[in-house]
Amino acid sequence: MAATRPVFPVRRVCPGVGMKRTRFYLYLLFSMLLSLLAAYAVYSISWQQLLQQRQQESARRLARNAGFLEHEVDKYGLLPLAASYNDTLREALLQPADPPQLARANDYLLRLNQGAGSLQAYLMDKQGKVIASSNWQQKDSFVGRNIAYRPYFQQAAANRITTFYAVGTTGNATGFYLATGIYQGGERLGVVAIKIGLEQLEHMWGNIVEPLLVSDSNGVVVLSSVPEWKYHATVPLSFDARLALEKAQQYNKQIIKPPIWQRKSVLNNQAMLVQMGQGRTRHEFLAINQTIPVSGMTLTMLLDTHEIHSLALTRALAVAVMVGFACLLLHSVRLWRMGIKTQAEARRALQRAHDQLEEQVEQRSSELKQANASLKMEIEERIQAARQVENFQNELIRTENLAVIGQLSTGIAHEINQPLAALSALSANTVRFLEINDLATARTNLERITDIVARLGALTEQLKSFARRPSGERESVAVAQAVDNALFLLNHRLKKTLIRLQLPAQPADIVVLCEAVRLEQVLVNLVSNAIDALQEVADPLIAISWQRQDDIVRIQVRDNGSGLSEQVRQHIFEPFFTTKKTSGLGLGLALSSDIIKAYGGILSADNHPDGGAVFTITLRQNRQE
């Protein structure tokens, strides 16, 4: 009876599930957009607030540094103003050809320079020629040089300090120049100038984290905490402006380099965003400017905006997470309220499903019991059929063994008749030798009789072993011994047909896991078929060899007959297929193949390259060897 297949209820997808999923995705998309908008708004506001806060903090620090720079300039600002009223300098301008007067002017300027700690102090006539100087005794003295091209000489006036930054044309030393005109009766007699050095500021700025730079009225960096920025422009210089700077020799031989930054946006009159560097080294800075009125210079502090961006981005991400969490919380509350309502409906639906399921389970249980009983009966019938097939196959193999023994009966009878005839003759001779009391000859005959009886016993034992039923238990079988036993049974046929037998000169000690009787039966079948195939061969040969490769053992039985045709090779292991016309049922090779397969091996047939057929038994070596 065929088993009834149990039928289970089909799960149907509620149309509302897809709609709920779509609503969830739309709500999720809305939450993400809301989080992004909130993050953008917070980022923008935080950026502006932080930028303004950092600008105010940096402006206060910048004002302190600007005050220090202005103090340095103011400290020396009164020197040229006071010197313009000195009578010694005025007399020198009135009498430039009087050496004693010029000597007094040089001495006054030397004392003034040493007392103030400035770099140089010198006096110029109305044509711009230096007639007295604090360094008049040194090789790089200014005396005799005409510096009328300097703007501070051209712009110097009475009772007013004119400032100017330049690189000295004599010693190539940078300095800040303070000049005042010396007048008499409304006529400018000359100009007195003081040169001071501001390089000490650069050493002091080396400990400041934020970069600082000082640019002159031309927009050229003259002082900087970063030495590489010196003599870079802060604004693009026109051709005319560069020409004027070269004419004034303000920077001597220094080349004015391109602007150090690119302006991105101007925040107010004191701050702007600039971009510095190229490629991967490109950075954005907040540039805060402070003008120094006395010197006409501009002090600039640069603040890297990376930290501001990072802090604003952190706040934006935090707000985005909070907004997203709030949206998720609202959605969870909504789902919780919907879940309470759904639970009540689910309980009622579950109770109905439970009642239906119990009814279906009882019905299915009854059907499964019937199907199980039917399946159990079918299994028992198949097990019994499998046992019958196995018994039938064992009987068929044993019948094949007996058939082989029947085929060998003529040779076996010859093997027995000769020893029996010898036994009869030796027995009669022994009696006569005993009668004449020839005990030595009688003893020799009896020993020969014992050897013949042992040979007959071995033959009958081998036949009995070959014909017995196998135990079904696998054992360690020596391949060399199995070959010897098979050849022992076929010894008479081999001698009768004059077949040369080729065996290994030194047989390898190889052991396989199988049953000795089964392996000997396969070898007898293969050698018997080889003998039949060599009936019409002039020089018949059977070669038997065995070898081991890793854990694989191959036993080959080869003859030098006509070989196997393609049709024979395709059907040779099929039951009842035979090429013998007078004898054989065609079961020998089929059963031999089944025997080898039962031990996990393969029996194959092929033609040898040197001619004839070769049958190969492939088995696994006994791992317990």
# chains A, B, ... in the order shown; residues from 1 in each chain; ligands from 1

call {"tool": "closest_atom_pairs", "arguments": {"of": "region 288-381 of chain A", "to": "region 23-34 of chain A", "cutoff": "8 Å", "atoms": "only C-alpha atoms", "output": "tab-separated table"}}
result
residue	atom	partner	partner_atom	distance
A:Val323	CA	A:Leu34	CA	7.5
A:Gly324	CA	A:Ser31	CA	6.1
A:Cys327	CA	A:Ser31	CA	6.1

call {"tool": "residues_around", "arguments": {"residues": "region 515-528 of chain A", "least_positions_apart": "2", "cutoff": "8 Å", "atoms": "only C-alpha atoms", "output": "ChimeraX atom specification"}}
result
/A:401,404,465-466,470,472-477,482-483,485-487,489-490,513,530-532,542,557,588-589,592,595-596,615

call {"tool": "atom_distance", "arguments": {"atom1": "CA of Ile147 (chain A)", "atom2": "CA of Pro96 (chain A)"}}
result
16.9 Å

call {"tool": "residues_around", "arguments": {"residues": "region 234-236 of chain A", "least_positions_apart": "3", "cutoff": "9 Å", "atoms": "only C-alpha atoms", "output": "JSON, numbers by chain"}}
result
{"A": [215, 218, 219, 220, 221, 258, 259, 260, 261, 262]}

call {"tool": "residues_around", "arguments": {"residues": "region 491-505 of chain A", "least_positions_apart": "5", "cutoff": "6 Å", "atoms": "only C-alpha atoms", "output": "PDB file with N, CA, C and O atoms, in the first residue's frame"}}
result
ATOM      1  N   GLY A 411      42.615 -32.901 -15.142  1.00  0.00           N
ATOM      2  CA  GLY A 411      43.982 -32.689 -14.688  1.00  0.00           C
ATOM      3  C   GLY A 411      44.176 -33.156 -13.269  1.00  0.00           C
ATOM      4  O   GLY A 411      45.225 -33.706 -12.928  1.00  0.00           O
ATOM      5  N   PRO A 540      53.232 -19.705 -26.256  1.00  0.00           N
ATOM      6  CA  PRO A 540      52.305 -19.126 -25.282  1.00  0.00           C
ATOM      7  C   PRO A 540      53.030 -18.660 -24.008  1.00  0.00           C
ATOM      8  O   PRO A 540      53.970 -19.309 -23.554  1.00  0.00           O
ATOM      9  N   LEU A 541      52.532 -17.533 -23.472  1.00  0.00           N
ATOM     10  CA  LEU A 541      53.143 -16.956 -22.272  1.00  0.00           C
ATOM     11  C   LEU A 541      52.055 -16.333 -21.403  1.00  0.00           C
ATOM     12  O   LEU A 541      51.169 -15.653 -21.890  1.00  0.00           O
ATOM     13  N   ILE A 542      52.154 -16.618 -20.117  1.00  0.00           N
ATOM     14  CA  ILE A 542      51.299 -15.963 -19.118  1.00  0.00           C
ATOM     15  C   ILE A 542      52.225 -15.313 -18.098  1.00  0.00           C
ATOM     16  O   ILE A 542      53.063 -15.995 -17.498  1.00  0.00           O
ATOM     17  N   ALA A 543      52.054 -13.987 -17.928  1.00  0.00           N
ATOM     18  CA  ALA A 543      52.870 -13.236 -16.970  1.00  0.00           C
ATOM     19  C   ALA A 543      51.977 -12.725 -15.854  1.00  0.00           C
ATOM     20  O   ALA A 543      50.962 -12.084 -16.111  1.00  0.00           O
ATOM     21  N   ILE A 544      52.366 -13.029 -14.623  1.00  0.00           N
ATOM     22  CA  ILE A 544      51.617 -12.574 -13.446  1.00  0.00           C
ATOM     23  C   ILE A 544      52.562 -11.697 -12.624  1.00  0.00           C
ATOM     24  O   ILE A 544      53.684 -12.106 -12.309  1.00  0.00           O
TER      25      ILE A 544
END

call {"tool": "atom_distance", "arguments": {"atom1": "CA of Glu574 (chain A)", "atom2": "CA of Ala590 (chain A)"}}
result
5.6 Å

call {"tool": "atom_distance", "arguments": {"atom1": "CA of Ala132 (chain A)", "atom2": "CA of Thr88 (chain A)"}}
result
11.0 Å

call {"tool": "closest_residue", "arguments": {"among": "A:Asn106, A:Gln384, A:Gln155, A:Ser46", "to": "Ser133 (chain A)", "atoms": "only C-alpha atoms"}}
result
A:Asn106

call {"tool": "closest_residue", "arguments": {"among": "A:Arg104, A:Lys230, A:His306, A:His71", "to": "Leu51 (chain A)", "atoms": "only C-alpha atoms"}}
result
A:His306

call {"tool": "select_by_dssp", "arguments": {"residues": "region 76-233 of chain A", "states": "helix (DSSP H, G or I)", "output": "MDAnalysis selection string"}}
result
chainID A and resid 76:83 87:94 99:116 151:155 199:205 227:229

call {"tool": "select_by_dssp", "arguments": {"residues": "region 65-276 of chain A", "states": "strand (DSSP E or B)", "output": "PyMOL selection string"}}
result
chain A and resi 120-125+129-133+146+162-167+174-184+187-196+212-215+220-224+232-233+257+262-266+271-276

call {"tool": "closest_residue", "arguments": {"among": "A:Met322, A:Ala166, A:Leu446, A:Ala105", "to": "Asp87 (chain A)", "atoms": "only C-alpha atoms"}}
result
A:Ala105
